[in-house]
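A.B. asks: Please find one structure pasted underneath; my questions will follow.
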Amino acid sequence: MRHSTRIAVGPVQFRVGSDWAEPIAALDRLYANYSKHEDRPADATVRLFAARPWRRWLRPSVHIGGDYVVPDALPLPLSMGLLAAEMGMNLQVALGWRRHLLLHASAVAKGARAVILSGASGSGKSTLAALLGEGDWRLMGDEFTLLAPESGEAFAFPRAVSLKNEAIAELASRVDPARLGPLLAGTPKGDIRHLVPCAEAIDRMDEAARPSLLLFPRFGGDAAVEPMGEGEAFVRLTEASTNYIALGEAGFDALTRLVREVPAFAIAYPDSASGMALVEQLWAEAAR
Amino acid sequence: MGDRRYRAAPPEALRVEPLGQLTAIFDRRSVQTHLVVTPMPEILAAMGAEPCDAEMLAARLAADFDLEGEGDVCAIVAERLRELAELGLVTPA
Amino acid sequence: MSAIETLVDLLAGRRDPEALNPGEWDGVIGVARAEAMLATLAKRLADAALPEPVAQLLADQRRAAEVATKQALWEAEMARRALAPERIEFVLLKGTAYAAADLSCSAGRQIGDLDILVGRQDLGRAENALLKAGWEWVKSDPYDDAYYREHMHELPPLIHKSRDRMIDVHHTILPRTHRKTPDPLAMLADAVPTADGFAVLCPTDMACHCAAHLLADGDLQGGLRNLWDYHRLAGEFAAADPGFWGKLDGRADQHGLRGEVHRAARLARDLYGAALPSGWDRHDPTDRWFRRRLLARDDWGRPTDFLLQQAFYVRSHWLRMPLAMLARHLWTKWRKGHNPASKGTSSA
């Protein structure tokens with residue numbers, strides 16, 4: 001393909017090809033501090049492509065593909081090419097990764113132990129993780145957490161954090177502007193800006209951590225904490241995993257072990273400060 | 001109705017892991033995970049190596065559990081066995 | 001050398017995997033994924049000394065393939081449990097059959113749907129038994145439904161409501177409207193049992209079906225994988241039975257598939273290095289279009305050679321349907337595609 005780049009995130013080596021220069025340039029700026037690993041073969045291929053050759057210039061719209069393509073998926077305008085690239089990377093990992101159990105969860109670590117925040121889009125897990133990552137915590141990832149079946153350890157997958165709508169302002173006020181990507185306004189998910197994880201998170205991306213707290217956050221409503229039973233946590237996690245079925249018994253092992261060894265809570269919080277406070281509180285209790 | 005016989009899975013085929021209120025059962029033959037609640041695990045545990053029917057199982061369960069006021073146990077067990085067969089956890093014998 | 005040619009060479013054993021450089025692996029892995037052959041490659045290279053990231057990726061694939069094969073065989077088992085009470089006999093086809101019969105091409109082979117062959121007279125009862133056991137129709141429109149029943153060689157697709165896996169019930173191996181009409185009754189009659197008591201096609205029929213599926217059923221999408229199946233099947237059957245090639249020739253003739261079976265053998269020779277006996281080891285100038293079509297993929301995994309693709313697409317429809325029907329079918333498809341009301345429907 002005409003334009004391309006490579007990005008290594010945790011254990012995954014991507015190659016990204018594009019019919020246009022702009023999304024590659026945007027990726028290169030956002031991931032400037034990440035290793036490209038030119039010599040390492042790519043595990044996953046992302047392609048940003050025009051449906052017809054003339055659509056590179058005429059009302060350019062970016063189709064997302066690569067190893068895996070979602071049929072009939074709607075393309076994005078070229079102005080949102082960076083978003084397309086990020087979605088493309090998520091897609092290839094979600095559908096193709098088999099080495100670890102994949103959870104739709106963010107994770108932050110302190111020392112050798114980690115908190116996993118599992119939830120769908122809108123649960124606030126990305127924002128909470130990003131905010132914690134700006135404090136004493138190491139951001140492991142905001143979209144996916146990788147769980148090794150044999151050891152039960154969590155592996156980092158620290159991509160650029162996708163901040164939506166109000167979260168943008170919250171983080172923008174706390175970080176060096178150079179760590180923010182361009183504003184992508186009016187996307188199907190609202191306004192988006194990407195946040196580059198801090199240097200420590202990037203440098204330590206190959207370090208695993210032992211899950212010690214499992215949280216299911218829900219943004220909105222009064223602050224609340226509810227302990228979650230093993231059974232319910234298990235069910236929720238299978239629903240949050242894109243490759244549980246493909247992993248067979250190894251996936252079963254990983255999740256039964258996780259829910260038995262790690263305390264789990266559903267938490268609700270009205271704003272980020274309360275959310276973060278709940279995390280710290282439950283962390284302190286779990287450490288005892 | 002309660003006289004249809006079923007055979008349980010061979011001993012190494014299932015991994016039965018109690019998880020609080022639920023029991024997670026991993027069937028190595030189908031590579032599927034089933035999440036079940038009482039009385040499924042108890043019924044499976046009561047089956048043994050030989051084919052059995054709902055009536056036999058109801059009697060075994062009555063010996064180990066207090067089933068007073070549980071209604072027509074045989075009919076309930078027959079229904080559960082049918083469901084277990086649909087999941088592939090037991091086979092019509 | 002292109003990535004797809006390198007992939008073919010690796011599968012054929014003509015290329016030493018330890019000699020590939022990192023840049024070459026990018027293309028080989030990407031193309032292998034696009035051809036649904038990454039796990040097959042992983043099995044082939046299980047003992048090679050590979051760069052660590054590649055070794056890990058291929059190990060992942062081998063593990064995942066084992067899980068997937070077990071899941072596919074379970075579908076066969078559940079179909080058996082559904083059909084047995086009705087005493088409906090069925091024969092496993094394609095990937096599930098290869099796995100059930102433990103054939104070498106099943107190593108790492110991706111299996112999609114469960115394909116089974118039943119007698120035409122059993123079709124209605126099979127349909128009912130499967131519906132009763134939890135399969136349901138994949139939603140379609142009345143035209144597609146009628147098309148399937150009348151003209152294709154299978155029931156409309158069924159999907160299991162809780163396991164979410166599809167079953168395709170065939171009563172012949174090529175569409176009823178196809179120009180070729182292999183003999184399903186003979187195939188059913190001569191089916192052979194596997195160790196677990198499933199029925200699969202006998203070796204010559206399996207090779208015929210594979211060749212038909214590769215060359216007579218479509219536009220060669222996924223052709224490299226189908227050709228690999230053929231190559232491994234023929235090699236395995238010939239090694240076990242010196243008379244295999246002769247029997248295959250006769251059986252292919254019986255089914256009207258002699259051309260396809262021979263061409264498949266030649267393509268397996270040209271791409272995968274199959275050794276062919278005399279009488280099979282010919283050279284046909286038209287093979288080169290098929291070779292080109294099979295290798296039409298670039299190093300990013302994209303199909304290339306658009307015009308050739310289109311030519312094969314039209315050919316596949318031409319093979320399947322008498323011309324008058326073709327026009328009507330394509331017109332209806334076009335109409336549906338352009339009708340704003342039908343935006344949500346999936347196309348063939």
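Each chain in the structure tokens gets a letter, A, B and so on, in the order shown; residues start at 1 in every chain, and ligands are counted from 1 in the order they appear.
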Fewer than 2 positions away in the same chain doesn't count, so skip those; otherwise give me all residues within 12 Å of B:Thr91, counting only C-alpha atoms, as a PDB file with N, CA and C atoms, in the first residue's frame.

C.D. replies:
ATOM      1  N   ARG B   4     -37.749 -41.810  30.072  1.00  0.00           N
ATOM      2  CA  ARG B   4     -36.669 -41.690  29.089  1.00  0.00           C
ATOM      3  C   ARG B   4     -35.353 -41.740  29.852  1.00  0.00           C
ATOM      4  N   ARG B   5     -34.433 -42.557  29.317  1.00  0.00           N
ATOM      5  CA  ARG B   5     -33.181 -42.719  30.048  1.00  0.00           C
ATOM      6  C   ARG B   5     -32.080 -41.884  29.423  1.00  0.00           C
ATOM      7  N   TYR B   6     -31.171 -41.443  30.276  1.00  0.00           N
ATOM      8  CA  TYR B   6     -30.054 -40.621  29.836  1.00  0.00           C
ATOM      9  C   TYR B   6     -28.765 -41.147  30.429  1.00  0.00           C
ATOM     10  N   ARG B   7     -27.699 -40.862  29.697  1.00  0.00           N
ATOM     11  CA  ARG B   7     -26.378 -41.257  30.173  1.00  0.00           C
ATOM     12  C   ARG B   7     -25.592 -39.978  30.489  1.00  0.00           C
ATOM     13  N   ALA B   8     -24.870 -40.008  31.595  1.00  0.00           N
ATOM     14  CA  ALA B   8     -24.057 -38.842  31.962  1.00  0.00           C
ATOM     15  C   ALA B   8     -22.789 -38.805  31.119  1.00  0.00           C
ATOM     16  N   ALA B   9     -22.085 -37.709  31.177  1.00  0.00           N
ATOM     17  CA  ALA B   9     -20.815 -37.594  30.472  1.00  0.00           C
ATOM     18  C   ALA B   9     -19.783 -38.478  31.158  1.00  0.00           C
ATOM     19  N   PRO B  10     -18.792 -38.983  30.397  1.00  0.00           N
ATOM     20  CA  PRO B  10     -17.712 -39.743  31.031  1.00  0.00           C
ATOM     21  C   PRO B  10     -16.954 -38.855  32.017  1.00  0.00           C
ATOM     22  N   LEU B  44     -26.666 -33.819  37.894  1.00  0.00           N
ATOM     23  CA  LEU B  44     -25.512 -34.411  37.211  1.00  0.00           C
ATOM     24  C   LEU B  44     -24.694 -35.283  38.163  1.00  0.00           C
ATOM     25  N   MET B  47     -26.008 -38.841  38.809  1.00  0.00           N
ATOM     26  CA  MET B  47     -26.265 -39.761  37.700  1.00  0.00           C
ATOM     27  C   MET B  47     -25.404 -41.018  37.667  1.00  0.00           C
ATOM     28  N   GLU B  50     -24.204 -45.500  35.013  1.00  0.00           N
ATOM     29  CA  GLU B  50     -25.235 -46.217  34.248  1.00  0.00           C
ATOM     30  C   GLU B  50     -26.325 -45.269  33.773  1.00  0.00           C
ATOM     31  N   PRO B  51     -27.003 -45.619  32.661  1.00  0.00           N
ATOM     32  CA  PRO B  51     -28.128 -44.777  32.233  1.00  0.00           C
ATOM     33  C   PRO B  51     -29.198 -44.755  33.311  1.00  0.00           C
ATOM     34  N   CYS B  52     -29.849 -43.609  33.474  1.00  0.00           N
ATOM     35  CA  CYS B  52     -30.925 -43.542  34.456  1.00  0.00           C
ATOM     36  C   CYS B  52     -32.037 -42.650  33.941  1.00  0.00           C
ATOM     37  N   ASP B  53     -33.192 -42.782  34.581  1.00  0.00           N
ATOM     38  CA  ASP B  53     -34.324 -41.955  34.177  1.00  0.00           C
ATOM     39  C   ASP B  53     -34.720 -41.024  35.318  1.00  0.00           C
ATOM     40  N   LEU B  81     -33.643 -32.870  32.804  1.00  0.00           N
ATOM     41  CA  LEU B  81     -32.849 -33.806  31.999  1.00  0.00           C
ATOM     42  C   LEU B  81     -32.971 -33.476  30.518  1.00  0.00           C
ATOM     43  N   ARG B  82     -34.187 -33.120  30.124  1.00  0.00           N
ATOM     44  CA  ARG B  82     -34.398 -32.746  28.727  1.00  0.00           C
ATOM     45  C   ARG B  82     -33.540 -31.531  28.377  1.00  0.00           C
ATOM     46  N   GLU B  83     -33.495 -30.572  29.288  1.00  0.00           N
ATOM     47  CA  GLU B  83     -32.680 -29.377  29.054  1.00  0.00           C
ATOM     48  C   GLU B  83     -31.196 -29.726  29.007  1.00  0.00           C
ATOM     49  N   LEU B  84     -30.771 -30.607  29.912  1.00  0.00           N
ATOM     50  CA  LEU B  84     -29.361 -31.009  29.922  1.00  0.00           C
ATOM     51  C   LEU B  84     -29.005 -31.716  28.616  1.00  0.00           C
ATOM     52  N   ALA B  85     -29.956 -32.466  28.088  1.00  0.00           N
ATOM     53  CA  ALA B  85     -29.710 -33.151  26.813  1.00  0.00           C
ATOM     54  C   ALA B  85     -29.573 -32.146  25.686  1.00  0.00           C
ATOM     55  N   GLU B  86     -30.392 -31.100  25.734  1.00  0.00           N
ATOM     56  CA  GLU B  86     -30.305 -30.049  24.710  1.00  0.00           C
ATOM     57  C   GLU B  86     -28.935 -29.389  24.723  1.00  0.00           C
ATOM     58  N   LEU B  87     -28.372 -29.253  25.926  1.00  0.00           N
ATOM     59  CA  LEU B  87     -27.045 -28.645  26.047  1.00  0.00           C
ATOM     60  C   LEU B  87     -25.944 -29.627  25.691  1.00  0.00           C
ATOM     61  N   GLY B  88     -26.307 -30.898  25.578  1.00  0.00           N
ATOM     62  CA  GLY B  88     -25.306 -31.900  25.245  1.00  0.00           C
ATOM     63  C   GLY B  88     -24.597 -32.478  26.454  1.00  0.00           C
ATOM     64  N   LEU B  89     -25.034 -32.059  27.654  1.00  0.00           N
ATOM     65  CA  LEU B  89     -24.336 -32.514  28.860  1.00  0.00           C
ATOM     66  C   LEU B  89     -24.703 -33.952  29.224  1.00  0.00           C
ATOM     67  N   ALA B  93     -30.076 -42.288  26.291  1.00  0.00           N
ATOM     68  CA  ALA B  93     -29.460 -43.628  26.276  1.00  0.00           C
ATOM     69  C   ALA B  93     -30.304 -44.619  25.496  1.00  0.00           C
TER      70      ALA B  93
ATOM     71  N   GLU C  77     -21.676 -33.971  15.984  1.00  0.00           N
ATOM     72  CA  GLU C  77     -22.259 -34.852  16.991  1.00  0.00           C
ATOM     73  C   GLU C  77     -23.686 -34.421  17.330  1.00  0.00           C
ATOM     74  N   MET C  78     -23.900 -33.128  17.457  1.00  0.00           N
ATOM     75  CA  MET C  78     -25.243 -32.643  17.790  1.00  0.00           C
ATOM     76  C   MET C  78     -26.200 -32.861  16.618  1.00  0.00           C
ATOM     77  N   ARG C  80     -25.966 -35.383  14.639  1.00  0.00           N
ATOM     78  CA  ARG C  80     -26.264 -36.810  14.733  1.00  0.00           C
ATOM     79  C   ARG C  80     -27.349 -37.067  15.754  1.00  0.00           C
ATOM     80  N   ARG C  81     -27.240 -36.409  16.932  1.00  0.00           N
ATOM     81  CA  ARG C  81     -28.243 -36.618  17.971  1.00  0.00           C
ATOM     82  C   ARG C  81     -29.618 -36.148  17.528  1.00  0.00           C
ATOM     83  N   ALA C  82     -29.642 -35.139  16.666  1.00  0.00           N
ATOM     84  CA  ALA C  82     -30.932 -34.633  16.188  1.00  0.00           C
ATOM     85  C   ALA C  82     -31.528 -35.548  15.134  1.00  0.00           C
TER      86      ALA C  82
END

A.B. asks: Which residues, written as an MDAnalysis selection string, have at least one atom at most 7 Å from stretch 189-201 of chain A, with only C-alpha atoms counted and residues fewer than 6 positions away on the same chain left out?

C.D. replies: chainID A and resid 30 138:140 158 160:165 168 179:183

A.B. asks: Return as a list in words the residues belonging to chain C that are within 7 Å of chain B, counting only C-alpha atoms.

C.D. replies: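 Therefore, the residues near the partner are Lys70, Gln71 and Trp74 of chain C.
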
A.B. asks: Those same residues, written as a PDB file, in the first residue's frame with C-alpha atoms?

C.D. replies:
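Saved result, part.pdb, follows:
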ATOM      1  CA  LYS C  70     -13.269 -29.809  18.454  1.00  0.00           C
ATOM      2  CA  GLN C  71     -16.102 -27.297  18.241  1.00  0.00           C
ATOM      3  CA  TRP C  74     -19.259 -31.229  18.221  1.00  0.00           C
TER       4      TRP C  74
END

A.B. asks: For the contact check between chain A and chain B, emit one row per residue of chain A within 9 Å, containing the shortest atom pair and the distance in Å rounded to one decimal, counting only C-alpha atoms, chain then rising number order, as a tab-separated table.

C.D. replies:
residue	atom	partner	partner_atom	distance
A:Gly229	CA	B:Gly20	CA	6.2
A:Glu230	CA	B:Leu19	CA	5.2
A:Gly231	CA	B:Leu19	CA	4.8
A:Glu232	CA	B:Leu22	CA	7.8
A:Phe234	CA	B:Leu19	CA	8.1
A:Val235	CA	B:Leu35	CA	8.0
A:Ile245	CA	B:Gln32	CA	7.5
A:Gly248	CA	B:Val31	CA	5.6
A:Glu249	CA	B:Val31	CA	6.9
A:Phe252	CA	B:Phe26	CA	7.2
A:Thr256	CA	B:Glu17	CA	7.7
A:Val259	CA	B:Leu19	CA	8.2
A:Arg260	CA	B:Leu19	CA	7.6

A.B. asks: Might you pull out every residue within 9 Å of stretch 66-82 of chain A, with only C-alpha atoms counted and same-chain residues fewer than 4 positions away left off, and present them as JSON, numbers by chain?

C.D. replies: {"A": [16, 17, 20, 22, 23, 24, 25, 26, 27, 44, 45, 46, 47, 48, 50, 59, 60, 61, 62, 86, 87, 88, 89, 91, 92, 95, 96, 182, 184, 185, 187], "C": [30, 31, 33, 34, 300, 301, 302, 346]}

A.B. asks: Would you save the residues of that selection, restricted to N, CA and C atoms, as a short mmCIF file (atom, residue, chain, number, x, y, z; two decimals), in the first residue's frame?

C.D. replies:
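To be explicit, this is the file written out as again-v4.cif:
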data_model
loop_
_atom_site.label_atom_id
_atom_site.label_comp_id
_atom_site.auth_asym_id
_atom_site.auth_seq_id
_atom_site.Cartn_x
_atom_site.Cartn_y
_atom_site.Cartn_z
N VAL A 16 0.21 -0.92 9.55
CA VAL A 16 -0.97 -0.19 9.11
C VAL A 16 -0.70 0.36 7.72
N GLY A 17 -1.53 -0.01 6.77
CA GLY A 17 -1.39 0.49 5.40
C GLY A 17 -2.57 1.38 5.07
N TRP A 20 -4.23 6.73 1.87
CA TRP A 20 -3.99 8.16 2.03
C TRP A 20 -2.84 8.39 3.00
N GLU A 22 -2.61 11.05 5.08
CA GLU A 22 -2.99 11.75 6.33
C GLU A 22 -3.15 10.84 7.55
N PRO A 23 -3.89 9.73 7.45
CA PRO A 23 -4.04 8.92 8.66
C PRO A 23 -2.70 8.37 9.15
N ILE A 24 -1.80 8.04 8.23
CA ILE A 24 -0.49 7.51 8.64
C ILE A 24 0.31 8.60 9.34
N ALA A 25 0.24 9.79 8.80
CA ALA A 25 0.94 10.90 9.43
C ALA A 25 0.39 11.13 10.84
N ALA A 26 -0.92 11.07 10.98
CA ALA A 26 -1.53 11.28 12.29
C ALA A 26 -1.11 10.19 13.27
N LEU A 27 -1.07 8.95 12.79
CA LEU A 27 -0.62 7.85 13.65
C LEU A 27 0.83 8.05 14.06
N ALA A 44 -0.49 -8.31 13.16
CA ALA A 44 -1.81 -7.86 12.73
C ALA A 44 -1.65 -6.79 11.65
N THR A 45 -2.49 -6.87 10.65
CA THR A 45 -2.47 -5.91 9.54
C THR A 45 -3.76 -5.11 9.53
N VAL A 46 -3.61 -3.79 9.49
CA VAL A 46 -4.75 -2.89 9.34
C VAL A 46 -4.65 -2.24 7.97
N ARG A 47 -5.77 -2.14 7.27
CA ARG A 47 -5.76 -1.43 5.99
C ARG A 47 -6.87 -0.39 5.98
N LEU A 48 -6.48 0.81 5.59
CA LEU A 48 -7.47 1.87 5.41
C LEU A 48 -7.58 2.06 3.91
N ALA A 50 -9.83 2.78 0.06
CA ALA A 50 -10.93 3.38 -0.70
C ALA A 50 -11.67 2.25 -1.40
N ARG A 59 -14.92 12.67 -2.80
CA ARG A 59 -15.57 12.41 -1.51
C ARG A 59 -14.86 11.26 -0.78
N PRO A 60 -13.59 11.48 -0.48
CA PRO A 60 -12.80 10.36 0.06
C PRO A 60 -13.41 9.78 1.32
N SER A 61 -13.63 8.51 1.33
CA SER A 61 -14.12 7.87 2.55
C SER A 61 -13.31 6.61 2.81
N VAL A 62 -13.03 6.44 4.09
CA VAL A 62 -12.06 5.46 4.53
C VAL A 62 -12.77 4.20 5.01
N GLU A 86 -7.55 3.71 14.44
CA GLU A 86 -7.69 3.18 15.80
C GLU A 86 -8.75 2.08 15.85
N MET A 87 -9.85 2.30 15.16
CA MET A 87 -10.90 1.27 15.11
C MET A 87 -10.37 0.02 14.42
N GLY A 88 -9.57 0.24 13.39
CA GLY A 88 -8.99 -0.88 12.66
C GLY A 88 -8.09 -1.72 13.55
N MET A 89 -7.29 -1.05 14.37
CA MET A 89 -6.40 -1.78 15.28
C MET A 89 -7.22 -2.57 16.31
N LEU A 91 -10.20 -3.72 15.90
CA LEU A 91 -10.88 -4.81 15.20
C LEU A 91 -9.96 -6.01 15.01
N GLN A 92 -8.73 -5.75 14.55
CA GLN A 92 -7.83 -6.87 14.27
C GLN A 92 -7.48 -7.63 15.55
N LEU A 95 -10.67 -9.61 16.94
CA LEU A 95 -11.05 -10.81 16.20
C LEU A 95 -9.91 -11.79 16.01
N GLY A 96 -8.66 -11.31 16.08
CA GLY A 96 -7.56 -12.19 15.67
C GLY A 96 -6.62 -12.65 16.77
N PRO A 182 -5.42 15.29 17.54
CA PRO A 182 -6.33 16.30 17.00
C PRO A 182 -7.76 16.07 17.48
N LEU A 184 -11.37 15.30 16.87
CA LEU A 184 -12.20 14.72 15.82
C LEU A 184 -13.64 14.99 16.23
N ALA A 185 -14.20 16.03 15.66
CA ALA A 185 -15.53 16.45 16.09
C ALA A 185 -16.61 15.74 15.29
N THR A 187 -17.94 12.72 15.39
CA THR A 187 -17.84 11.32 14.95
C THR A 187 -19.11 10.59 15.36
N GLY C 30 0.22 -12.15 6.45
CA GLY C 30 -0.98 -11.43 5.99
C GLY C 30 -1.72 -12.22 4.92
N VAL C 31 -0.98 -12.74 3.97
CA VAL C 31 -1.63 -13.50 2.89
C VAL C 31 -2.21 -14.80 3.42
N ARG C 33 -3.38 -15.37 6.32
CA ARG C 33 -4.65 -15.04 6.99
C ARG C 33 -5.75 -14.82 5.97
N ALA C 34 -5.42 -14.09 4.93
CA ALA C 34 -6.44 -13.78 3.91
C ALA C 34 -6.94 -15.05 3.22
N TRP C 300 -0.25 -7.23 0.89
CA TRP C 300 -1.07 -6.74 1.99
C TRP C 300 -2.34 -7.58 2.14
N GLY C 301 -2.41 -8.67 1.36
CA GLY C 301 -3.55 -9.56 1.50
C GLY C 301 -4.73 -9.18 0.64
N ARG C 302 -4.54 -8.17 -0.23
CA ARG C 302 -5.68 -7.72 -1.04
C ARG C 302 -5.79 -8.56 -2.30
N SER C 346 -28.63 -8.64 3.66
CA SER C 346 -27.28 -9.00 3.24
C SER C 346 -27.34 -9.51 1.81
#

A.B. asks: Taking only C-alpha atoms into account, name the residue in C:Ala186, C:Ala48, C:Ala234, C:Ala252 that is nearest to C:Leu10.

C.D. replies: C:Ala48

A.B. asks: I need the strand (DSSP E or B) residues of stretch 128-232 of chain A per DSSP on the backbone, written as a PyMOL selection string.

C.D. replies: chain A and resi 138-141+144-147+154-155+161-164+180+184-187+190-195+209-219+224-227

A.B. asks: Check every residue of chain A for an atom within 6 Å of chain C, counting only C-alpha atoms, and provide those that qualify as a VMD selection string.

C.D. replies: chain A and resid 39 to 42 98 to 99 248
